[in-house]
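Raw final.txt, compact mmCIF, C-alpha atoms and all ligand atoms:
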```txt
# COMPACT_ATOMS: atom_id res chain seq x y z
CA MET A 38 -7.20 23.31 15.05
CA LYS A 39 -8.15 20.61 17.49
CA THR A 40 -9.09 17.23 16.01
CA LYS A 41 -8.50 13.58 16.85
CA ALA A 42 -6.19 10.85 15.58
CA ALA A 43 -5.01 7.31 16.22
CA VAL A 44 -1.59 7.74 17.83
CA LEU A 45 1.06 5.11 18.54
CA TRP A 46 3.00 5.97 21.71
CA GLU A 47 4.89 2.71 22.26
CA TYR A 48 5.73 -0.33 20.13
CA GLY A 49 3.47 -3.28 20.85
CA ARG A 50 0.67 -1.13 22.30
CA PRO A 51 -2.71 -0.56 20.59
CA TRP A 52 -3.54 2.64 18.67
CA SER A 53 -4.77 5.38 21.00
CA VAL A 54 -7.56 7.54 19.58
CA GLU A 55 -7.27 10.92 21.24
CA GLU A 56 -7.36 14.66 20.78
CA ILE A 57 -4.50 16.25 18.84
CA GLU A 58 -3.56 19.81 17.91
CA LEU A 59 -3.06 20.20 14.14
CA ASP A 60 -1.11 23.26 12.92
CA ASP A 61 -2.09 25.33 9.89
CA PRO A 62 -0.39 24.37 6.61
CA GLY A 63 3.08 25.83 5.98
CA PRO A 64 3.88 27.54 2.63
CA HIS A 65 4.17 24.26 0.64
CA GLU A 66 1.52 22.33 2.55
CA VAL A 67 -2.20 21.71 2.33
CA ARG A 68 -4.89 20.72 4.83
CA VAL A 69 -7.05 17.83 3.65
CA LYS A 70 -10.42 16.92 5.11
CA LEU A 71 -10.12 13.16 4.85
CA ALA A 72 -13.06 11.01 3.87
CA ALA A 73 -11.47 7.65 4.56
CA SER A 74 -8.29 5.75 5.37
CA GLY A 75 -7.39 2.19 4.45
CA LEU A 76 -5.97 -0.16 7.07
CA CYS A 77 -2.74 -1.30 5.40
CA HIS A 78 -0.51 -3.88 7.08
CA SER A 79 2.45 -1.47 7.04
CA ASP A 80 0.98 0.56 9.92
CA ASP A 81 0.84 -2.65 11.91
CA HIS A 82 4.51 -3.25 11.00
CA VAL A 83 5.18 0.06 12.72
CA ARG A 84 3.02 -0.86 15.71
CA THR A 85 4.89 -4.14 16.25
CA GLY A 86 8.28 -2.45 15.83
CA ASP A 87 9.08 -4.28 12.55
CA LEU A 88 9.53 -0.83 11.03
CA PRO A 89 11.34 1.49 13.42
CA VAL A 90 10.12 5.09 13.26
CA ARG A 91 10.11 8.09 15.57
CA LEU A 92 7.31 7.81 18.13
CA PRO A 93 4.79 9.11 18.98
CA MET A 94 3.30 8.84 15.51
CA VAL A 95 -0.12 9.30 13.94
CA GLY A 96 -0.66 6.28 11.70
CA GLY A 97 -2.26 5.92 8.31
CA HIS A 98 -0.89 6.36 4.79
CA GLU A 99 -3.80 5.37 2.53
CA GLY A 100 -6.29 8.22 2.35
CA ALA A 101 -8.35 10.52 0.17
CA GLY A 102 -10.28 13.70 0.83
CA VAL A 103 -10.94 17.30 -0.13
CA ILE A 104 -8.45 20.17 0.12
CA GLU A 105 -9.66 22.71 2.67
CA GLU A 106 -6.77 25.15 2.81
CA VAL A 107 -3.48 25.64 0.97
CA GLY A 108 -0.23 27.30 2.03
CA SER A 109 0.95 30.58 0.48
CA ALA A 110 3.34 28.92 -2.03
CA VAL A 111 1.09 26.07 -3.18
CA THR A 112 0.30 26.18 -6.89
CA SER A 113 -0.64 22.61 -7.85
CA VAL A 114 -3.98 22.30 -6.00
CA LYS A 115 -6.67 24.58 -4.56
CA PRO A 116 -9.38 24.40 -1.91
CA GLY A 117 -12.21 22.12 -3.02
CA ASP A 118 -9.96 19.81 -5.07
CA HIS A 119 -10.44 16.09 -4.47
CA VAL A 120 -7.14 14.35 -3.81
CA VAL A 121 -5.61 10.98 -3.08
CA LEU A 122 -2.71 11.05 -0.63
CA ALA A 123 0.20 9.11 -2.13
CA PHE A 124 2.32 7.27 0.43
CA VAL A 125 5.46 8.27 -1.49
CA PRO A 126 5.61 11.98 -2.40
CA ALA A 127 6.61 13.00 -5.94
CA CYS A 128 8.63 16.22 -6.21
CA GLY A 129 8.68 16.07 -10.02
CA ARG A 130 12.26 17.33 -10.15
CA CYS A 131 14.64 14.72 -8.79
CA ARG A 132 16.43 12.22 -11.02
CA TRP A 133 13.86 9.51 -10.23
CA CYS A 134 10.80 11.66 -10.91
CA ALA A 135 12.40 13.00 -14.08
CA THR A 136 12.98 9.50 -15.45
CA GLY A 137 9.59 7.95 -14.75
CA HIS A 138 10.40 6.40 -11.38
CA SER A 139 8.48 8.72 -9.08
CA ASN A 140 7.91 5.85 -6.64
CA LEU A 141 11.60 6.32 -5.80
CA CYS A 142 11.40 10.14 -5.45
CA ASP A 143 14.19 11.48 -3.27
CA LEU A 144 11.56 12.92 -0.92
CA GLY A 145 10.89 9.29 0.02
CA ALA A 146 13.79 9.78 2.45
CA TYR A 147 11.19 11.41 4.72
CA LEU A 148 8.95 8.34 4.91
CA MET A 149 10.58 7.05 8.05
CA HIS A 150 12.31 10.24 9.10
CA GLY A 151 9.79 11.64 11.58
CA GLU A 152 9.86 15.32 10.64
CA GLU A 153 7.88 16.92 7.83
CA ILE A 154 9.53 17.74 4.47
CA ASP A 155 9.62 21.43 5.39
CA GLY A 156 10.94 20.60 8.84
CA GLY A 157 9.31 20.29 12.25
CA PHE A 158 6.01 18.73 13.22
CA ARG A 159 2.43 19.76 12.47
CA ILE A 160 0.83 17.58 15.12
CA HIS A 161 1.13 17.90 18.88
CA ALA A 162 -0.41 15.79 21.63
CA ARG A 163 0.15 15.48 25.39
CA GLY A 164 2.66 18.33 25.06
CA GLN A 165 4.83 16.41 22.56
CA ASP A 166 5.58 16.73 18.83
CA VAL A 167 4.04 13.87 16.87
CA SER A 168 5.37 12.25 13.65
CA THR A 169 3.15 11.01 10.84
CA MET A 170 3.20 7.69 8.99
CA CYS A 171 4.73 8.27 5.55
CA ILE A 172 4.49 12.05 6.20
CA LEU A 173 0.70 11.70 5.95
CA GLY A 174 -1.11 10.49 9.09
CA THR A 175 -4.47 9.49 7.59
CA PHE A 176 -5.81 8.00 10.84
CA SER A 177 -7.35 11.40 11.52
CA PRO A 178 -10.26 13.28 9.95
CA TYR A 179 -7.80 16.04 8.96
CA ALA A 180 -4.19 15.97 7.74
CA VAL A 181 -1.68 18.69 6.91
CA VAL A 182 0.65 17.31 4.22
CA HIS A 183 3.16 18.55 1.64
CA GLU A 184 1.75 19.31 -1.83
CA ALA A 185 4.17 16.68 -3.21
CA SER A 186 2.10 14.05 -1.36
CA VAL A 187 -1.28 14.83 -2.97
CA VAL A 188 -2.60 13.82 -6.38
CA LYS A 189 -5.68 15.57 -7.75
CA ILE A 190 -8.47 13.25 -8.93
CA ASP A 191 -11.87 13.70 -10.62
CA ASP A 192 -14.74 14.78 -8.36
CA ASP A 193 -17.05 11.91 -9.32
CA ILE A 194 -14.89 9.14 -7.82
CA PRO A 195 -16.11 8.10 -4.33
CA LEU A 196 -13.35 9.17 -1.96
CA GLU A 197 -13.64 6.12 0.31
CA LYS A 198 -12.78 3.95 -2.70
CA ALA A 199 -10.11 6.31 -4.05
CA ALA A 200 -8.29 6.10 -0.69
CA LEU A 201 -7.08 2.58 -1.52
CA VAL A 202 -5.22 3.82 -4.57
CA GLY A 203 -2.88 5.79 -2.27
CA CYS A 204 -1.10 2.54 -1.38
CA GLY A 205 -2.61 -0.94 -1.80
CA VAL A 206 -4.26 -0.80 -5.22
CA THR A 207 -1.34 0.93 -6.94
CA THR A 208 1.26 -1.19 -5.19
CA GLY A 209 -0.45 -4.45 -6.13
CA TYR A 210 -1.32 -3.45 -9.69
CA GLY A 211 2.19 -2.15 -10.32
CA SER A 212 3.80 -5.24 -8.84
CA ALA A 213 2.12 -7.30 -11.56
CA VAL A 214 2.24 -4.83 -14.46
CA TYR A 215 5.44 -2.80 -13.98
CA LEU A 216 7.75 -4.83 -11.74
CA GLY A 217 6.54 -8.25 -12.86
CA GLU A 218 6.22 -7.10 -16.48
CA THR A 219 3.21 -9.36 -17.00
CA ARG A 220 2.40 -9.85 -20.69
CA PRO A 221 -0.65 -11.31 -22.45
CA GLY A 222 -0.66 -15.10 -22.07
CA ASP A 223 1.66 -15.13 -19.05
CA THR A 224 1.31 -17.20 -15.91
CA VAL A 225 1.27 -15.19 -12.67
CA VAL A 226 1.32 -16.41 -9.08
CA VAL A 227 0.28 -14.11 -6.22
CA ALA A 228 1.16 -15.30 -2.70
CA GLY A 229 -0.98 -13.63 -0.01
CA ILE A 230 -4.44 -12.18 -0.68
CA GLY A 231 -4.79 -8.96 1.28
CA GLY A 232 -5.19 -5.51 -0.24
CA ILE A 233 -1.95 -5.71 -2.22
CA GLY A 234 -2.50 -9.28 -3.41
CA ALA A 235 -6.10 -8.52 -4.45
CA ALA A 236 -4.80 -5.64 -6.59
CA ALA A 237 -1.91 -7.73 -7.98
CA LEU A 238 -4.43 -10.33 -9.22
CA GLN A 239 -6.27 -7.55 -11.00
CA GLY A 240 -3.09 -6.12 -12.50
CA ALA A 241 -2.31 -9.59 -13.86
CA ARG A 242 -5.84 -9.90 -15.27
CA LEU A 243 -5.70 -6.44 -16.88
CA ALA A 244 -2.29 -7.24 -18.40
CA GLY A 245 -3.79 -10.31 -20.08
CA ALA A 246 -2.29 -13.13 -18.02
CA LYS A 247 -3.72 -16.53 -18.96
CA ILE A 248 -3.15 -18.38 -15.70
CA ILE A 249 -3.40 -16.44 -12.45
CA MET A 250 -2.91 -18.50 -9.32
CA ALA A 251 -3.89 -16.97 -5.97
CA ILE A 252 -2.31 -18.46 -2.88
CA ASP A 253 -3.76 -17.98 0.59
CA PRO A 254 -4.48 -20.27 3.55
CA VAL A 255 -7.86 -18.61 4.23
CA PRO A 256 -10.68 -20.32 2.24
CA TRP A 257 -12.98 -17.26 1.78
CA LYS A 258 -10.04 -15.21 0.49
CA ARG A 259 -9.39 -17.85 -2.16
CA GLU A 260 -13.04 -17.56 -3.20
CA MET A 261 -12.77 -13.78 -3.33
CA ALA A 262 -9.58 -14.10 -5.39
CA LEU A 263 -11.54 -15.99 -8.07
CA LYS A 264 -13.90 -13.00 -8.35
CA LEU A 265 -11.02 -10.55 -8.74
CA GLY A 266 -9.15 -12.31 -11.51
CA ALA A 267 -7.58 -15.53 -10.23
CA THR A 268 -8.12 -18.52 -12.48
CA HIS A 269 -6.80 -21.03 -9.94
CA VAL A 270 -6.14 -21.10 -6.19
CA ALA A 271 -3.90 -22.93 -3.73
CA GLU A 272 -3.53 -23.01 0.06
CA SER A 273 0.22 -22.51 0.17
CA MET A 274 3.23 -21.98 -2.07
CA GLU A 275 4.18 -25.64 -1.51
CA ALA A 276 0.69 -26.85 -2.46
CA ALA A 277 0.74 -24.65 -5.59
CA LEU A 278 3.76 -26.36 -7.16
CA GLU A 279 2.07 -29.51 -8.46
CA PRO A 280 -1.02 -27.89 -10.06
CA LEU A 281 1.14 -25.09 -11.46
CA THR A 282 3.52 -27.63 -13.02
CA GLU A 283 0.60 -29.38 -14.65
CA LEU A 284 -1.16 -26.23 -15.83
CA THR A 285 1.99 -24.87 -17.46
CA ARG A 286 3.44 -28.18 -18.76
CA GLY A 287 6.35 -27.67 -16.42
CA GLU A 288 7.12 -24.11 -17.48
CA LEU A 289 5.92 -22.66 -14.15
CA ALA A 290 5.20 -18.95 -13.57
CA ASP A 291 6.52 -16.01 -15.57
CA VAL A 292 5.80 -13.79 -12.59
CA GLY A 293 5.63 -14.57 -8.85
CA ILE A 294 4.56 -11.82 -6.45
CA LEU A 295 5.00 -11.98 -2.68
CA THR A 296 2.16 -10.07 -1.00
CA VAL A 297 1.89 -11.76 2.39
CA GLY A 298 1.37 -9.64 5.52
CA VAL A 299 4.88 -10.13 6.88
CA ALA A 300 7.68 -11.00 4.46
CA LYS A 301 10.40 -13.35 5.69
CA GLY A 302 13.64 -14.31 3.98
CA GLU A 303 12.61 -17.95 4.16
CA LEU A 304 9.65 -17.23 1.83
CA ILE A 305 11.87 -16.22 -1.10
CA GLY A 306 13.01 -19.80 -1.87
CA PRO A 307 9.44 -21.16 -2.11
CA LEU A 308 8.43 -18.13 -4.23
CA LEU A 309 11.35 -18.68 -6.62
CA ALA A 310 10.46 -22.38 -6.80
CA LEU A 311 7.19 -21.37 -8.50
CA VAL A 312 8.93 -19.14 -11.04
CA GLY A 313 10.21 -20.66 -14.28
CA LYS A 314 12.83 -19.77 -16.89
CA ASN A 315 13.40 -16.03 -17.35
CA GLY A 316 10.75 -15.44 -14.67
CA ARG A 317 10.46 -12.49 -12.29
CA ALA A 318 9.92 -12.89 -8.54
CA VAL A 319 8.72 -9.63 -7.01
CA ALA A 320 9.19 -9.04 -3.27
CA THR A 321 6.48 -6.49 -2.49
CA ALA A 322 5.52 -7.55 1.05
CA VAL A 323 7.18 -5.59 3.86
CA ALA A 324 9.69 -7.49 6.00
CA PRO A 325 10.92 -6.59 9.50
CA TYR A 326 13.55 -3.90 8.96
CA TYR A 327 16.52 -5.99 10.12
CA GLU A 328 15.62 -9.16 8.16
CA THR A 329 18.79 -9.97 6.17
CA GLN A 330 18.89 -13.72 5.46
CA VAL A 331 17.22 -15.05 2.34
CA SER A 332 16.76 -18.65 1.17
CA LEU A 333 17.63 -18.76 -2.51
CA PRO A 334 18.20 -21.99 -4.44
CA LEU A 335 21.14 -20.51 -6.31
CA SER A 336 21.80 -23.04 -9.06
CA THR A 337 18.30 -22.97 -10.55
CA PHE A 338 18.27 -19.21 -10.03
CA THR A 339 21.30 -18.97 -12.29
CA PHE A 340 20.61 -21.78 -14.76
CA PHE A 341 16.98 -20.76 -15.34
CA GLN A 342 17.88 -17.07 -15.51
CA LYS A 343 15.40 -16.05 -12.84
CA GLN A 344 15.19 -12.54 -11.43
CA LEU A 345 14.38 -11.39 -7.91
CA ARG A 346 13.15 -7.80 -7.60
CA GLY A 347 12.22 -5.61 -4.70
CA GLY A 348 9.47 -3.11 -5.25
CA LEU A 349 8.11 0.07 -3.67
CA PHE A 350 4.66 1.39 -4.62
CA GLY A 351 4.59 -1.17 -7.45
CA GLY A 352 7.18 0.76 -9.43
CA ALA A 353 4.36 3.18 -10.26
CA ASN A 354 4.32 6.92 -10.96
CA PRO A 355 1.59 8.20 -8.61
CA ARG A 356 0.70 11.32 -10.65
CA ALA A 357 0.12 9.27 -13.78
CA ASP A 358 -1.03 5.99 -12.27
CA ILE A 359 -3.50 7.16 -9.61
CA PRO A 360 -5.77 8.87 -12.21
CA ARG A 361 -5.18 5.98 -14.62
CA LEU A 362 -6.30 3.38 -12.08
CA LEU A 363 -9.32 5.44 -11.06
CA ASN A 364 -10.37 5.60 -14.73
CA LEU A 365 -10.20 1.80 -14.82
CA TYR A 366 -12.28 1.74 -11.63
CA ARG A 367 -14.90 4.04 -13.19
CA GLU A 368 -15.10 1.76 -16.24
CA GLY A 369 -15.65 -1.28 -14.03
CA GLN A 370 -12.38 -2.92 -15.03
CA LEU A 371 -10.63 -2.44 -11.69
CA LEU A 372 -12.71 -3.69 -8.76
CA ILE A 373 -12.12 -1.66 -5.63
CA ASP A 374 -15.54 -1.91 -3.92
CA GLU A 375 -15.06 -5.68 -3.77
CA MET A 376 -11.70 -5.29 -2.01
CA ILE A 377 -13.30 -3.47 0.94
CA THR A 378 -14.50 -6.12 3.34
CA ARG A 379 -15.62 -3.87 6.19
CA THR A 380 -15.68 -0.23 7.27
CA TYR A 381 -14.93 1.13 10.74
CA THR A 382 -15.07 4.35 12.70
CA LEU A 383 -11.70 5.75 13.79
CA GLU A 384 -12.49 4.58 17.33
CA GLU A 385 -12.80 1.01 16.01
CA ILE A 386 -9.28 1.00 14.54
CA ASN A 387 -7.88 -1.71 16.82
CA GLN A 388 -10.82 -3.97 15.93
CA GLY A 389 -10.04 -3.28 12.26
CA TYR A 390 -6.45 -4.40 12.69
CA ALA A 391 -7.49 -7.45 14.73
CA ASP A 392 -9.80 -8.41 11.83
CA MET A 393 -6.92 -7.96 9.36
CA LEU A 394 -4.55 -10.11 11.41
CA GLU A 395 -7.19 -12.83 11.84
CA GLY A 396 -7.74 -13.06 8.07
CA ARG A 397 -11.26 -11.58 8.25
CA ASN A 398 -10.49 -8.68 5.86
CA ILE A 399 -9.09 -8.13 2.40
CA ARG A 400 -9.09 -4.39 3.20
CA GLY A 401 -10.68 -2.67 6.18
CA VAL A 402 -11.41 1.05 5.74
CA ILE A 403 -11.97 3.78 8.32
CA ILE A 404 -14.74 6.18 7.29
CA HIS A 405 -14.00 9.51 8.95
CA GLU A 406 -16.72 11.49 10.73
CA HIS A 407 -16.47 15.28 10.87
C1 LIG B 1 5.37 0.76 3.11
C2 LIG B 1 6.73 0.52 2.60
C3 LIG B 1 7.75 0.67 3.66
C4 LIG B 1 7.61 1.95 4.40
C5 LIG B 1 6.24 2.14 4.94
C6 LIG B 1 5.21 2.01 3.90
N1 LIG B 1 4.55 0.79 2.00
C7 LIG B 1 3.24 0.67 1.99
O1 LIG B 1 2.54 0.09 2.76
ZN ZN B 2 0.51 0.56 2.68
```
Write the structure described by the file as structure tokens, please.
Amino acid sequence: MKTKAAVLWEYGRPWSVEEIELDDPGPHEVRVKLAASGLCHSDDHVRTGDLPVRLPMVGGHEGAGVIEEVGSAVTSVKPGDHVVLAFVPACGRCRWCATGHSNLCDLGAYLMHGEEIDGGFRIHARGQDVSTMCILGTFSPYAVVHEASVVKIDDDIPLEKAALVGCGVTTGYGSAVYLGETRPGDTVVVAGIGGIGAAALQGARLAGAKIIMAIDPVPWKREMALKLGATHVAESMEAALEPLTELTRGELADVGILTVGVAKGELIGPLLALVGKNGRAVATAVAPYYETQVSLPLSTFTFFQKQLRGGLFGGANPRADIPRLLNLYREGQLLIDEMITRTYTLEEINQGYADMLEGRNIRGVIIHEH
């Protein structure tokens, strides 16, 4: 079929919204009519060249929609099913899926590979084969994806809200709950209040943290953080140290989560400085691919038995956690509506990313027109 998509042809250039040819689903694939796509910073990491991928590429990895057509071998979903597209597929069979670590599914090797899981390309434009971000490509009203990438959800959940659970909400929540291992009464610090940070604050709140400090230089984001679960705010990691010391009688944070737009090695030292004895520092934010140097005050790291953890998709299991989080949303415990600052048409995508980079959005969302 012919449809349209936001395509990246060259690093550093804006997204180009143009006509594409979308193939029918292969045996293990499905076509999804997408309702919405979140504007996650990771697509901008690709646009700037921080994350090298095969270009041209249709962006977008945070979407939800309705299954329109399924391939001949698909058994897990059917036309009419409502689904969230998970940015990491879950095969259900590999060692990681089988041991409750589906976020590390071996099919994740395809995230930055270029070709589809079953080989080849489903999108063509200007006579060329086109890759898809995270083997999804949600910056289009339609996507053909592998059945391992879709998670069925209940029909009553608004799809434009559910979209955020395909990356940001789950990643942030899991960073606090699974990777940070937040427990009732803990102190949690979240550095950077975008989509991931806003969800990390809520994960900390839902896990029963007592002190939740949100750090962001943008004043209205600090205000928003207080509505989502933060109990205290600070402008920077440096400015957070004194109030955090006082609030915790010098114990500092049990959990520190880095959720800034662009991670840098030099941010790890300041993050660890906010984490106390036996504390966990979680590096969730995406860094430029070739970033290798990290500042790490080694003596206190050792003497205070701190831990530094990386994290993909919040350490979550998409097939279990996406429905779980949407249940919390339905009950009013997980606030997703409040995370969506503004909606855009697909044609407005570059404005959406400019708003994100200027600190005007927690999450921008494209609402697809059909
Ligand atoms: C990223 C993680 C690194 C690969 C691209 C997607 N995750 C979510 O935004
Ligand atoms: Zn993302």
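Nearest to Leu289 of chain A of all the residues A:Ala246, A:Val226, A:Ala199, A:Leu335 is A:Val226, based on all atoms listed in the file.
Look at segment 163-178 of chain A: the protein and nucleic acid residues within 7 Å of it, using only C-alpha atoms and passing over chain neighbours fewer than 5 places away, are A:Lys41, A:Ala42, A:Ala43, A:Lys70, A:Leu71, A:Ser74, A:Arg91, A:Leu92, A:Pro93, A:Met94, A:Val95, A:Gly96, A:Gly97, A:His98, A:Glu99, A:Gly100, A:Phe124, A:Tyr147, A:Leu148, A:Met149, A:Gly151, A:Glu152, A:Glu153, A:Phe158, A:Leu383, A:His405, A:Glu406, A:His407.
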Please extract the residues at most 9 Å from ligand LIG 1 (chain B), counting all atoms listed in the file, and provide them as an mmCIF file with C-alpha atoms, in the frame of the given file, using the chain letters and residue numbers of this document.
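result17.cif was written with the following content:
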```cif
data_model
loop_
_atom_site.group_PDB
_atom_site.id
_atom_site.type_symbol
_atom_site.label_atom_id
_atom_site.label_comp_id
_atom_site.auth_asym_id
_atom_site.auth_seq_id
_atom_site.Cartn_x
_atom_site.Cartn_y
_atom_site.Cartn_z
ATOM 1 C CA CYS A 77 -2.740 -1.300 5.400
ATOM 2 C CA HIS A 78 -0.510 -3.880 7.080
ATOM 3 C CA SER A 79 2.450 -1.470 7.040
ATOM 4 C CA ASP A 80 0.980 0.560 9.920
ATOM 5 C CA HIS A 82 4.510 -3.250 11.000
ATOM 6 C CA VAL A 83 5.180 0.060 12.720
ATOM 7 C CA LEU A 88 9.530 -0.830 11.030
ATOM 8 C CA HIS A 98 -0.890 6.360 4.790
ATOM 9 C CA GLU A 99 -3.800 5.370 2.530
ATOM 10 C CA PHE A 124 2.320 7.270 0.430
ATOM 11 C CA VAL A 125 5.460 8.270 -1.490
ATOM 12 C CA LEU A 148 8.950 8.340 4.910
ATOM 13 C CA MET A 149 10.580 7.050 8.050
ATOM 14 C CA MET A 170 3.200 7.690 8.990
ATOM 15 C CA CYS A 171 4.730 8.270 5.550
ATOM 16 C CA CYS A 204 -1.100 2.540 -1.380
ATOM 17 C CA GLY A 205 -2.610 -0.940 -1.800
ATOM 18 C CA THR A 208 1.260 -1.190 -5.190
ATOM 19 C CA ILE A 233 -1.950 -5.710 -2.220
ATOM 20 C CA THR A 321 6.480 -6.490 -2.490
ATOM 21 C CA ALA A 322 5.520 -7.550 1.050
ATOM 22 C CA VAL A 323 7.180 -5.590 3.860
ATOM 23 C CA ALA A 324 9.690 -7.490 6.000
ATOM 24 C CA LEU A 349 8.110 0.070 -3.670
ATOM 25 C CA PHE A 350 4.660 1.390 -4.620
#
```
* Asked: Near Met261 of chain A, within 10 Å and counting all atoms listed in the file, which residues show up once chain neighbours fewer than 6 positions away are dropped, as a ChimeraX atom specification?
  -> /A:230,235,251,267,375-376,399
* Excluding same-chain residues fewer than 3 positions from Val111 of chain A, what lies within 7 Å of it counting all atoms listed in the file, as a list in words? -> Pro64, His65, Glu66, Val107, Gly108, Val114 and Glu184 of chain A
* Asked: Separation of atom CA of Ile154 of chain A and atom CA of Glu197 of chain A, in Å?
  -> 26.3 Å
